[in-house]
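To be precise, the following lines are work36.cif, and they hold mmCIF, C-alpha atoms.
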```cif
data_upload
#
loop_
_atom_site.label_atom_id
_atom_site.label_comp_id
_atom_site.auth_asym_id
_atom_site.auth_seq_id
_atom_site.Cartn_x
_atom_site.Cartn_y
_atom_site.Cartn_z
CA MET L 1 154.76 238.21 364.07
CA ASN L 2 154.78 238.05 360.26
CA THR L 3 156.57 235.42 358.18
CA VAL L 4 159.70 237.50 357.58
CA GLU L 5 160.05 238.26 361.28
CA LEU L 6 159.46 234.64 362.25
CA LYS L 7 162.10 233.42 359.80
CA ALA L 8 164.57 235.89 361.31
CA LYS L 9 163.71 234.64 364.80
CA ILE L 10 164.27 231.05 363.71
CA CYS L 11 167.68 231.85 362.22
CA GLU L 12 168.64 233.66 365.42
CA ALA L 13 167.45 230.76 367.58
CA LYS L 14 169.39 228.26 365.44
CA LYS L 15 172.63 230.09 366.14
CA GLU L 16 171.90 230.48 369.85
CA THR L 17 171.12 226.79 370.35
CA GLY L 18 173.44 225.18 367.78
CA THR L 19 170.45 223.56 366.07
CA VAL L 20 170.57 222.22 362.51
CA ILE L 21 167.29 222.23 360.58
CA LEU L 22 166.72 219.32 358.22
CA ALA L 23 163.86 219.67 355.74
CA HIS L 24 162.45 217.13 353.33
CA THR L 25 161.83 218.50 349.85
CA TYR L 26 158.07 218.03 350.35
CA GLN L 27 158.00 220.80 352.96
CA ASP L 28 156.51 224.21 352.20
CA PRO L 29 158.82 226.76 350.49
CA ASP L 30 159.00 228.94 353.63
CA ILE L 31 160.41 226.00 355.57
CA ILE L 32 162.87 225.14 352.80
CA ASP L 33 164.10 228.74 353.02
CA ILE L 34 165.20 228.44 356.65
CA ALA L 35 166.53 224.86 356.44
CA ASP L 36 170.23 224.10 356.68
CA ILE L 37 169.97 220.87 354.71
CA THR L 38 167.25 219.89 352.23
CA GLY L 39 166.72 216.62 350.39
CA ASP L 40 165.34 213.08 350.43
CA SER L 41 164.66 211.37 353.75
CA PHE L 42 167.75 209.14 353.97
CA PHE L 43 170.01 211.83 352.53
CA LEU L 44 169.04 214.03 355.47
CA SER L 45 169.92 211.41 358.08
CA LYS L 46 173.26 210.70 356.38
CA LYS L 47 174.12 214.40 356.29
CA ALA L 48 173.26 214.78 359.98
CA ALA L 49 175.67 211.94 360.73
CA GLU L 50 178.40 213.37 358.49
CA ILE L 51 178.35 216.79 360.12
CA LYS L 52 178.03 215.20 363.59
CA ALA L 53 175.19 217.51 364.49
CA LYS L 54 174.60 217.83 368.22
CA ARG L 55 170.98 218.85 367.81
CA VAL L 56 168.61 218.67 364.84
CA VAL L 57 165.03 219.59 364.11
CA MET L 58 163.65 217.23 361.48
CA CYS L 59 161.04 218.87 359.28
CA GLY L 60 159.49 215.74 357.88
CA VAL L 61 157.73 212.76 359.41
CA ARG L 62 158.47 210.40 362.28
CA PHE L 63 160.33 207.64 360.43
CA MET L 64 162.76 210.26 359.09
CA ALA L 65 163.51 211.50 362.59
CA GLU L 66 163.99 207.88 363.70
CA SER L 67 166.48 207.35 360.86
CA VAL L 68 168.52 210.29 362.12
CA LYS L 69 168.55 208.77 365.60
CA ILE L 70 169.51 205.32 364.28
CA LEU L 71 172.58 206.72 362.53
CA SER L 72 173.40 209.38 365.15
CA PRO L 73 172.45 208.14 368.63
CA GLU L 74 174.20 211.07 370.33
CA THR L 75 172.28 213.66 368.33
CA GLU L 76 169.31 215.27 370.04
CA THR L 77 166.61 214.82 367.41
CA ILE L 78 163.37 216.81 367.57
CA LEU L 79 160.23 216.21 365.52
CA PRO L 80 158.36 219.55 365.58
CA VAL L 81 154.88 218.01 365.29
CA PRO L 82 154.63 214.60 367.02
CA SER L 83 151.58 213.58 364.97
CA ALA L 84 153.44 214.01 361.65
CA THR L 85 153.81 210.43 360.51
CA CYS L 86 153.88 208.35 357.33
CA PRO L 87 150.86 206.01 357.08
CA MET L 88 152.81 203.63 354.84
CA ALA L 89 155.63 203.36 357.39
CA GLU L 90 153.19 201.97 359.94
CA GLN L 91 151.02 199.73 357.74
CA ILE L 92 152.92 196.52 358.48
CA LEU L 93 153.53 195.29 362.02
CA PRO L 94 156.92 193.82 363.02
CA GLU L 95 155.13 190.74 364.41
CA ARG L 96 153.85 189.89 360.94
CA VAL L 97 157.38 189.97 359.55
CA ARG L 98 158.72 187.80 362.38
CA GLU L 99 156.05 185.20 361.66
CA TYR L 100 156.83 185.25 357.93
CA LYS L 101 160.54 184.71 358.59
CA LYS L 102 159.78 181.68 360.75
CA GLU L 103 157.66 180.18 357.99
CA ASN L 104 160.09 181.16 355.19
CA PRO L 105 163.63 180.80 356.57
CA ASP L 106 165.24 180.96 353.11
CA SER L 107 163.64 184.28 352.25
CA GLN L 108 165.25 187.67 352.82
CA VAL L 109 163.17 190.64 353.91
CA VAL L 110 163.74 193.97 352.17
CA ALA L 111 162.33 197.08 353.82
CA TYR L 112 161.79 200.37 352.05
CA ILE L 113 163.42 203.12 354.08
CA ASN L 114 159.88 204.51 354.65
CA THR L 115 159.32 202.23 357.64
CA THR L 116 159.43 202.49 361.41
CA ALA L 117 162.60 201.70 363.34
CA ALA L 118 160.78 198.68 364.82
CA LEU L 119 160.11 197.29 361.35
CA LYS L 120 163.65 197.99 360.12
CA ALA L 121 164.89 195.94 363.07
CA GLU L 122 163.10 192.85 361.73
CA CYS L 123 164.43 193.12 358.17
CA ASP L 124 167.60 192.01 356.43
CA VAL L 125 168.26 195.13 354.39
CA CYS L 126 166.76 198.55 353.76
CA VAL L 127 166.48 200.23 350.36
CA THR L 128 165.62 203.65 349.03
CA SER L 129 163.52 204.14 345.92
CA SER L 130 166.70 204.92 343.98
CA SER L 131 168.72 201.92 345.24
CA ALA L 132 166.01 199.24 345.47
CA ILE L 133 166.64 197.53 342.12
CA LYS L 134 170.41 197.49 342.56
CA ILE L 135 170.30 196.13 346.10
CA VAL L 136 167.66 193.45 345.54
CA ASP L 137 169.57 192.26 342.48
CA LYS L 138 172.72 191.87 344.59
CA LEU L 139 171.08 189.75 347.28
CA GLU L 140 172.14 186.10 347.20
CA ALA L 141 168.62 184.93 348.04
CA ASP L 142 166.13 184.52 345.19
CA GLU L 143 163.17 184.52 347.60
CA ILE L 144 162.45 188.09 348.64
CA LEU L 145 159.73 189.69 350.74
CA PHE L 146 159.56 193.38 349.79
CA ILE L 147 157.74 195.67 352.23
CA PRO L 148 155.82 197.85 352.73
CA ASP L 149 155.12 199.53 349.38
CA GLN L 150 153.52 197.15 346.90
CA HIS L 151 153.90 199.68 344.06
CA LEU L 152 157.63 200.22 344.48
CA GLY L 153 157.93 196.48 345.02
CA SER L 154 156.00 195.80 341.80
CA TYR L 155 158.36 198.11 339.92
CA VAL L 156 161.38 196.24 341.30
CA LYS L 157 159.77 192.89 340.54
CA GLU L 158 159.23 193.85 336.90
CA LYS L 159 162.88 194.87 336.54
CA LEU L 160 164.18 191.69 338.25
CA PRO L 161 162.13 188.76 336.86
CA HIS L 162 164.78 186.28 338.05
CA LYS L 163 163.86 187.05 341.66
CA ASN L 164 160.75 185.66 343.35
CA ILE L 165 159.52 188.84 345.03
CA VAL L 166 156.57 188.58 347.40
CA LEU L 167 154.55 191.75 347.94
CA TRP L 168 152.16 192.65 350.74
CA ASP L 169 149.41 195.23 350.92
CA GLY L 170 151.27 198.41 351.91
CA PHE L 171 151.17 201.59 349.84
CA CYS L 172 151.66 205.35 349.96
CA PRO L 173 148.15 206.84 350.35
CA VAL L 174 149.21 209.90 348.35
CA HIS L 175 150.85 208.31 345.29
CA ALA L 176 148.41 205.37 345.24
CA GLN L 177 145.58 207.74 344.30
CA LEU L 178 147.04 208.39 340.85
CA THR L 179 145.41 206.85 337.79
CA ALA L 180 146.33 206.46 334.14
CA GLU L 181 143.45 208.84 333.37
CA ASP L 182 145.15 211.56 335.47
CA VAL L 183 148.29 211.22 333.38
CA ILE L 184 146.53 211.04 330.01
CA ALA L 185 144.46 214.14 330.77
CA CYS L 186 147.55 216.11 331.76
CA LYS L 187 149.51 214.91 328.73
CA ASN L 188 146.65 215.93 326.47
CA LYS L 189 146.75 219.40 327.99
CA TYR L 190 150.54 219.62 327.66
CA PRO L 191 151.40 217.38 324.66
CA ASP L 192 154.97 218.69 324.44
CA ALA L 193 155.78 217.79 328.07
CA VAL L 194 157.76 214.82 329.34
CA PHE L 195 156.46 212.96 332.39
CA ALA L 196 158.51 212.06 335.48
CA VAL L 197 156.98 209.93 338.23
CA HIS L 198 157.85 208.38 341.58
CA PRO L 199 157.81 204.53 341.67
CA GLU L 200 155.45 204.60 344.67
CA SER L 201 152.76 205.17 342.03
CA PRO L 202 150.57 202.38 340.58
CA ALA L 203 151.97 200.39 337.64
CA GLU L 204 149.43 201.85 335.18
CA VAL L 205 150.87 205.30 335.93
CA VAL L 206 154.51 204.26 335.90
CA LYS L 207 154.10 202.68 332.45
CA LEU L 208 153.20 206.08 331.00
CA ALA L 209 156.32 207.81 332.35
CA ASP L 210 159.34 209.06 330.44
CA MET L 211 161.34 208.89 333.65
CA VAL L 212 160.85 206.97 336.92
CA GLY L 213 162.85 207.87 340.01
CA ALA L 214 163.25 209.07 343.57
CA THR L 215 162.51 212.65 344.59
CA SER L 216 166.08 213.85 344.07
CA GLU L 217 166.30 212.04 340.72
CA ILE L 218 163.05 213.64 339.54
CA ILE L 219 164.40 217.07 340.51
CA ASN L 220 167.67 216.52 338.64
CA TYR L 221 165.83 215.17 335.59
CA ALA L 222 163.41 218.11 335.56
CA LYS L 223 166.25 220.62 335.83
CA ALA L 224 168.02 219.04 332.86
CA GLN L 225 165.01 219.35 330.55
CA LYS L 226 164.58 222.44 328.39
CA GLY L 227 160.82 222.21 327.99
CA ARG L 228 157.82 221.38 330.13
CA VAL L 229 157.96 218.56 332.68
CA ILE L 230 154.91 216.96 334.28
CA ILE L 231 155.85 215.97 337.84
CA GLY L 232 154.14 212.91 339.31
CA THR L 233 155.02 213.14 342.98
CA GLU L 234 154.13 215.19 346.05
CA ARG L 235 153.53 218.82 345.15
CA GLY L 236 156.44 220.04 347.26
CA VAL L 237 158.75 219.10 344.38
CA VAL L 238 157.01 221.49 341.97
CA ASP L 239 156.93 224.14 344.69
CA TYR L 240 160.69 223.69 345.09
CA LEU L 241 161.45 223.73 341.37
CA SER L 242 159.16 226.67 340.66
CA THR L 243 160.86 228.68 343.41
CA HIS L 244 164.48 227.78 342.72
CA GLU L 245 164.66 227.37 338.95
CA GLU L 246 164.33 229.85 336.09
CA ASN L 247 161.17 229.52 333.98
CA GLY L 248 159.49 227.82 336.93
CA GLU L 249 156.19 227.77 335.10
CA ARG L 250 157.45 224.93 332.89
CA PHE L 251 157.11 222.47 335.80
CA ILE L 252 153.57 221.06 335.75
CA GLN L 253 152.05 219.44 338.82
CA LEU L 254 150.16 216.24 338.04
CA ALA L 255 146.86 215.93 339.93
CA PRO L 256 147.57 218.66 342.51
CA GLU L 257 144.38 217.84 344.39
CA LYS L 258 145.73 214.32 345.04
CA LEU L 259 149.48 214.75 345.40
CA CYS L 260 149.61 216.58 348.70
CA CYS L 261 150.84 214.79 351.83
CA GLU L 262 148.89 216.17 354.77
CA ASP L 263 151.41 214.82 357.29
CA MET L 264 154.30 216.56 355.53
CA LYS L 265 152.34 219.81 355.58
CA LYS L 266 151.55 219.68 359.30
CA ILE L 267 154.75 221.48 360.30
CA SER L 268 154.68 225.27 360.40
CA LEU L 269 157.36 227.90 360.98
CA ASP L 270 155.88 228.47 364.42
CA ASP L 271 156.23 224.75 365.22
CA ILE L 272 159.88 224.88 364.18
CA TYR L 273 160.58 227.96 366.29
CA LYS L 274 159.02 226.35 369.38
CA ALA L 275 160.97 223.13 368.77
CA ILE L 276 164.27 225.04 368.57
CA LYS L 277 163.46 226.95 371.74
CA GLY L 278 162.54 223.76 373.61
CA GLU L 279 158.91 224.82 373.90
CA GLY L 280 157.38 222.25 371.57
CA GLY L 281 157.89 219.15 369.52
CA GLU L 282 159.03 215.70 370.65
CA GLU L 283 162.53 214.40 371.19
CA ILE L 284 162.92 211.06 369.44
CA VAL L 285 164.22 208.38 371.79
CA LEU L 286 164.94 204.79 370.72
CA PRO L 287 165.89 201.89 373.00
CA GLU L 288 169.52 201.05 372.28
CA ASP L 289 168.85 197.40 371.47
CA LEU L 290 166.19 198.42 368.94
CA ARG L 291 168.44 201.10 367.44
CA LYS L 292 171.28 198.62 366.94
CA LYS L 293 169.01 196.04 365.31
CA ALA L 294 167.59 198.67 362.94
CA LEU L 295 171.11 199.87 362.15
CA VAL L 296 172.04 196.40 360.83
CA SER L 297 169.57 196.68 357.93
CA ILE L 298 170.71 200.23 357.15
CA ASN L 299 174.39 199.28 357.21
CA ARG L 300 173.58 196.39 354.87
CA MET L 301 171.95 198.91 352.51
CA LEU L 302 175.05 201.12 352.57
CA GLU L 303 177.24 198.09 351.90
CA LEU L 304 175.22 196.93 348.88
CA GLY L 305 173.97 200.21 347.49
#
```

Rendering of file as structure tokens:
Amino acid sequence: MNTVELKAKICEAKKETGTVILAHTYQDPDIIDIADITGDSFFLSKKAAEIKAKRVVMCGVRFMAESVKILSPETETILPVPSATCPMAEQILPERVREYKKENPDSQVVAYINTTAALKAECDVCVTSSSAIKIVDKLEADEILFIPDQHLGSYVKEKLPHKNIVLWDGFCPVHAQLTAEDVIACKNKYPDAVFAVHPESPAEVVKLADMVGATSEIINYAKAQKGRVIIGTERGVVDYLSTHEENGERFIQLAPEKLCCEDMKKISLDDIYKAIKGEGGEEIVLPEDLRKKALVSINRMLELG
């Protein structure tokens, strides 16, 4: 079965089973083509809740599928490839956070949305990369533990010097590879280009950016520019822009050999088809007490952000 035929089969199976396909922007263009909803991780889980989807296939990684289940417990949520995970989401154990809270009762724990449900359940509030500064600034506590991403946390800390923000050793293995030399070399090659970067990147890279923002913000910024834009995030964004925007060649991928998330690329059209048909993938199941505890930190995020 070729790609065109497989896409047609997927669309047919979606209708037959009432399945909604959610796809993170980092997914391959062929997967974006057959998705019903595309966007950032938390945007996808919110949309699934808004449309009250009965069944979804999440084309992303495990924490994203868990977020769908946290917000929509009645929704059957399938992760097409069970091994598709986010290393950063699992770098910090919930037990470590519990111990920290005992030792620092006046501190509030802020969790990046890129975390497991178990970790969200131990935190006071979640944040996205686009809402982190706003939410941390609104917290009454001045003592903040920001987990897991030390680079996003460092960016927030720089913007909010009046807060005492403690950072741990978590990071995105993809964005953390970037260096100032990568940026300078690309800027030298394209001196007329502006540079947009994700705040999961190291501080030396972020300092060289014309724009810093979440995936969706980078996409909107890039679309609004008339000239070349160097994109400093996972290569799926450039794939998306090059496919869906005129003059797609003006979007330049920074360090393409580094900015590719292997976990995001694990899912294939065949995996999606099998998941829809009930012949593959994993249904995400969360204990209700854990789901409710994790929901508290997400609801707090929605309240503040």

- Message: Using the chain letters and numbers from this file, what does the PyMOL selection byres ((chain L and resi 251) around 7) select? Give the answer as an MDAnalysis selection string.
- Response: chainID L and resid 228:231 238 242 248:250 252:253

- Query: So which residues are close to (151.1, 219.6, 342.6), meaning at most 12 Å away in the file's coordinates with only C-alpha atoms counted, and can you show them as a ChimeraX atom specification?
  - Reply: /L:26,28,174-175,186,230-242,251-261

- Message: Around the point (156.1, 197.4, 365.4) (coordinates from the file), which residues reach within 6 Å if we count only C-alpha atoms? Answer as a ChimeraX atom specification.
- Response: /L:93-94,118-119

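Separating CA of Lys9 in chain L from CA of Ile37 in chain L is a distance of 18.2 Å.
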
- Here CA of His24 in chain L and CA of Lys46 in chain L stand apart by 12.9 Å

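Note that CA of Ala84 in chain L and CA of Glu262 in chain L are 8.5 Å apart.
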
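Residue nearest Pro73 in chain L, chosen from L:Ala53, L:Val205, L:Val110, L:Leu269 and counting all atoms listed in the file: L:Ala53.
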
Residues matched by the PyMOL selection byres ((chain L and resi 293) around 9) as a short mmCIF file (atom, residue, chain, number, x, y, z; two decimals) with C-alpha atoms, in the frame of the given file:
```cif
data_model
loop_
_atom_site.label_atom_id
_atom_site.label_comp_id
_atom_site.auth_asym_id
_atom_site.auth_seq_id
_atom_site.Cartn_x
_atom_site.Cartn_y
_atom_site.Cartn_z
CA ALA L 117 162.60 201.70 363.34
CA ALA L 118 160.78 198.68 364.82
CA LYS L 120 163.65 197.99 360.12
CA ALA L 121 164.89 195.94 363.07
CA GLU L 122 163.10 192.85 361.73
CA CYS L 123 164.43 193.12 358.17
CA GLU L 288 169.52 201.05 372.28
CA ASP L 289 168.85 197.40 371.47
CA LEU L 290 166.19 198.42 368.94
CA ARG L 291 168.44 201.10 367.44
CA LYS L 292 171.28 198.62 366.94
CA ALA L 294 167.59 198.67 362.94
CA LEU L 295 171.11 199.87 362.15
CA VAL L 296 172.04 196.40 360.83
CA SER L 297 169.57 196.68 357.93
#
```

Residues at most 10 Å from Ser130 in chain L, counting all atoms listed in the file, excluding those fewer than 2 positions away in the same chain, as a JSON list (two decimals) with C-alpha atoms, in the frame of the given file?
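Ended up saving to part16.json:
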```
[["chain", "number", "residue", "atom", "x", "y", "z"],
["L", 127, "VAL", "CA", 166.48, 200.23, 350.36],
["L", 128, "THR", "CA", 165.62, 203.65, 349.03],
["L", 132, "ALA", "CA", 166.01, 199.24, 345.47],
["L", 133, "ILE", "CA", 166.64, 197.53, 342.12],
["L", 134, "LYS", "CA", 170.41, 197.49, 342.56],
["L", 135, "ILE", "CA", 170.30, 196.13, 346.10],
["L", 198, "HIS", "CA", 157.85, 208.38, 341.58],
["L", 199, "PRO", "CA", 157.81, 204.53, 341.67],
["L", 212, "VAL", "CA", 160.85, 206.97, 336.92],
["L", 213, "GLY", "CA", 162.85, 207.87, 340.01],
["L", 214, "ALA", "CA", 163.25, 209.07, 343.57],
["L", 215, "THR", "CA", 162.51, 212.65, 344.59],
["L", 216, "SER", "CA", 166.08, 213.85, 344.07],
["L", 217, "GLU", "CA", 166.30, 212.04, 340.72],
["L", 305, "GLY", "CA", 173.97, 200.21, 347.49]]
```

- Task: Name the residues captured by the PyMOL selection byres ((chain L and resi 87) around 10) when it is applied to the shown file; answer as a ChimeraX atom specification.
- Result: /L:61,84-86,88-92,114-115,170-174,263

Could the residues in this selection be saved with C-alpha atoms as a JSON list (two decimals), in the coordinates of the input?
```json
[["chain", "number", "residue", "atom", "x", "y", "z"],
["L", 61, "VAL", "CA", 157.73, 212.76, 359.41],
["L", 84, "ALA", "CA", 153.44, 214.01, 361.65],
["L", 85, "THR", "CA", 153.81, 210.43, 360.51],
["L", 86, "CYS", "CA", 153.88, 208.35, 357.33],
["L", 88, "MET", "CA", 152.81, 203.63, 354.84],
["L", 89, "ALA", "CA", 155.63, 203.36, 357.39],
["L", 90, "GLU", "CA", 153.19, 201.97, 359.94],
["L", 91, "GLN", "CA", 151.02, 199.73, 357.74],
["L", 92, "ILE", "CA", 152.92, 196.52, 358.48],
["L", 114, "ASN", "CA", 159.88, 204.51, 354.65],
["L", 115, "THR", "CA", 159.32, 202.23, 357.64],
["L", 170, "GLY", "CA", 151.27, 198.41, 351.91],
["L", 171, "PHE", "CA", 151.17, 201.59, 349.84],
["L", 172, "CYS", "CA", 151.66, 205.35, 349.96],
["L", 173, "PRO", "CA", 148.15, 206.84, 350.35],
["L", 174, "VAL", "CA", 149.21, 209.90, 348.35],
["L", 263, "ASP", "CA", 151.41, 214.82, 357.29]]
```

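The residue that comes closest to Lys277 in chain L, out of L:Val4, L:Val57, L:Leu44, L:Lys69 and on the basis of all atoms listed in the file, is L:Val57.
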
- Note on the structure: With distances taken over only C-alpha atoms, the candidate from L:Ile113, L:Met264, L:Ala141, L:Leu286 nearest Thr25 in chain L is L:Met264

Your completed range 251-280 of chain L with N, CA and C atoms, as an mmCIF file, keeping the file's coordinate frame:
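Final output, out_38.cif:
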```cif
data_model
loop_
_atom_site.group_PDB
_atom_site.id
_atom_site.type_symbol
_atom_site.label_atom_id
_atom_site.label_comp_id
_atom_site.auth_asym_id
_atom_site.auth_seq_id
_atom_site.Cartn_x
_atom_site.Cartn_y
_atom_site.Cartn_z
ATOM 1 N N PHE L 251 157.290 223.672 334.989
ATOM 2 C CA PHE L 251 157.110 222.470 335.800
ATOM 3 C C PHE L 251 155.623 222.320 336.136
ATOM 4 N N ILE L 252 155.019 221.262 335.652
ATOM 5 C CA ILE L 252 153.570 221.060 335.750
ATOM 6 C C ILE L 252 153.266 220.011 336.820
ATOM 7 N N GLN L 253 152.437 220.383 337.778
ATOM 8 C CA GLN L 253 152.050 219.440 338.820
ATOM 9 C C GLN L 253 150.933 218.526 338.333
ATOM 10 N N LEU L 254 151.190 217.216 338.350
ATOM 11 C CA LEU L 254 150.160 216.240 338.040
ATOM 12 C C LEU L 254 149.192 216.136 339.215
ATOM 13 N N ALA L 255 147.909 216.163 338.939
ATOM 14 C CA ALA L 255 146.860 215.930 339.930
ATOM 15 C C ALA L 255 147.135 216.616 341.269
ATOM 16 N N PRO L 256 147.223 217.948 341.276
ATOM 17 C CA PRO L 256 147.570 218.660 342.510
ATOM 18 C C PRO L 256 146.600 218.416 343.659
ATOM 19 N N GLU L 257 145.349 218.095 343.330
ATOM 20 C CA GLU L 257 144.380 217.840 344.390
ATOM 21 C C GLU L 257 144.628 216.502 345.082
ATOM 22 N N LYS L 258 145.412 215.628 344.458
ATOM 23 C CA LYS L 258 145.730 214.320 345.040
ATOM 24 C C LYS L 258 147.125 214.278 345.664
ATOM 25 N N LEU L 259 148.080 214.898 344.993
ATOM 26 C CA LEU L 259 149.480 214.750 345.400
ATOM 27 C C LEU L 259 149.897 215.796 346.433
ATOM 28 N N CYS L 260 149.257 215.718 347.575
ATOM 29 C CA CYS L 260 149.610 216.580 348.700
ATOM 30 C C CYS L 260 149.594 215.736 349.965
ATOM 31 N N CYS L 261 150.738 215.589 350.611
ATOM 32 C CA CYS L 261 150.840 214.790 351.830
ATOM 33 C C CYS L 261 150.489 215.658 353.035
ATOM 34 N N GLU L 262 149.357 215.373 353.644
ATOM 35 C CA GLU L 262 148.890 216.170 354.770
ATOM 36 C C GLU L 262 149.857 216.101 355.953
ATOM 37 N N ASP L 263 150.470 214.937 356.173
ATOM 38 C CA ASP L 263 151.410 214.820 357.290
ATOM 39 C C ASP L 263 152.637 215.686 357.080
ATOM 40 N N MET L 264 153.137 215.726 355.837
ATOM 41 C CA MET L 264 154.300 216.560 355.530
ATOM 42 C C MET L 264 153.976 218.045 355.713
ATOM 43 N N LYS L 265 152.730 218.406 355.506
ATOM 44 C CA LYS L 265 152.340 219.810 355.580
ATOM 45 C C LYS L 265 151.915 220.247 356.982
ATOM 46 N N LYS L 266 151.972 219.336 357.951
ATOM 47 C CA LYS L 266 151.550 219.680 359.300
ATOM 48 C C LYS L 266 152.490 220.683 359.981
ATOM 49 N N ILE L 267 153.755 220.654 359.608
ATOM 50 C CA ILE L 267 154.750 221.480 360.300
ATOM 51 C C ILE L 267 154.697 222.913 359.793
ATOM 52 N N SER L 268 154.691 223.843 360.722
ATOM 53 C CA SER L 268 154.680 225.270 360.400
ATOM 54 C C SER L 268 155.970 225.925 360.910
ATOM 55 N N LEU L 269 156.211 227.151 360.472
ATOM 56 C CA LEU L 269 157.360 227.900 360.980
ATOM 57 C C LEU L 269 157.273 228.081 362.484
ATOM 58 N N ASP L 270 156.065 228.311 362.986
ATOM 59 C CA ASP L 270 155.880 228.470 364.420
ATOM 60 C C ASP L 270 156.240 227.194 365.171
ATOM 61 N N ASP L 271 155.872 226.033 364.609
ATOM 62 C CA ASP L 271 156.230 224.750 365.220
ATOM 63 C C ASP L 271 157.747 224.605 365.293
ATOM 64 N N ILE L 272 158.425 224.997 364.231
ATOM 65 C CA ILE L 272 159.880 224.880 364.180
ATOM 66 C C ILE L 272 160.528 225.792 365.229
ATOM 67 N N TYR L 273 160.036 227.011 365.320
ATOM 68 C CA TYR L 273 160.580 227.960 366.290
ATOM 69 C C TYR L 273 160.425 227.423 367.719
ATOM 70 N N LYS L 274 159.245 226.902 368.039
ATOM 71 C CA LYS L 274 159.020 226.350 369.380
ATOM 72 C C LYS L 274 159.914 225.141 369.647
ATOM 73 N N ALA L 275 160.110 224.310 368.609
ATOM 74 C CA ALA L 275 160.970 223.130 368.770
ATOM 75 C C ALA L 275 162.407 223.540 369.052
ATOM 76 N N ILE L 276 162.897 224.561 368.348
ATOM 77 C CA ILE L 276 164.270 225.040 368.570
ATOM 78 C C ILE L 276 164.427 225.600 369.978
ATOM 79 N N LYS L 277 163.411 226.309 370.422
ATOM 80 C CA LYS L 277 163.460 226.950 371.740
ATOM 81 C C LYS L 277 163.173 225.980 372.888
ATOM 82 N N GLY L 278 162.848 224.741 372.571
ATOM 83 C CA GLY L 278 162.540 223.760 373.610
ATOM 84 C C GLY L 278 161.153 223.910 374.185
ATOM 85 N N GLU L 279 160.270 224.555 373.430
ATOM 86 C CA GLU L 279 158.910 224.820 373.900
ATOM 87 C C GLU L 279 157.862 223.987 373.165
ATOM 88 N N GLY L 280 158.315 223.074 372.332
ATOM 89 C CA GLY L 280 157.380 222.250 371.570
ATOM 90 C C GLY L 280 158.089 221.112 370.881
#
```
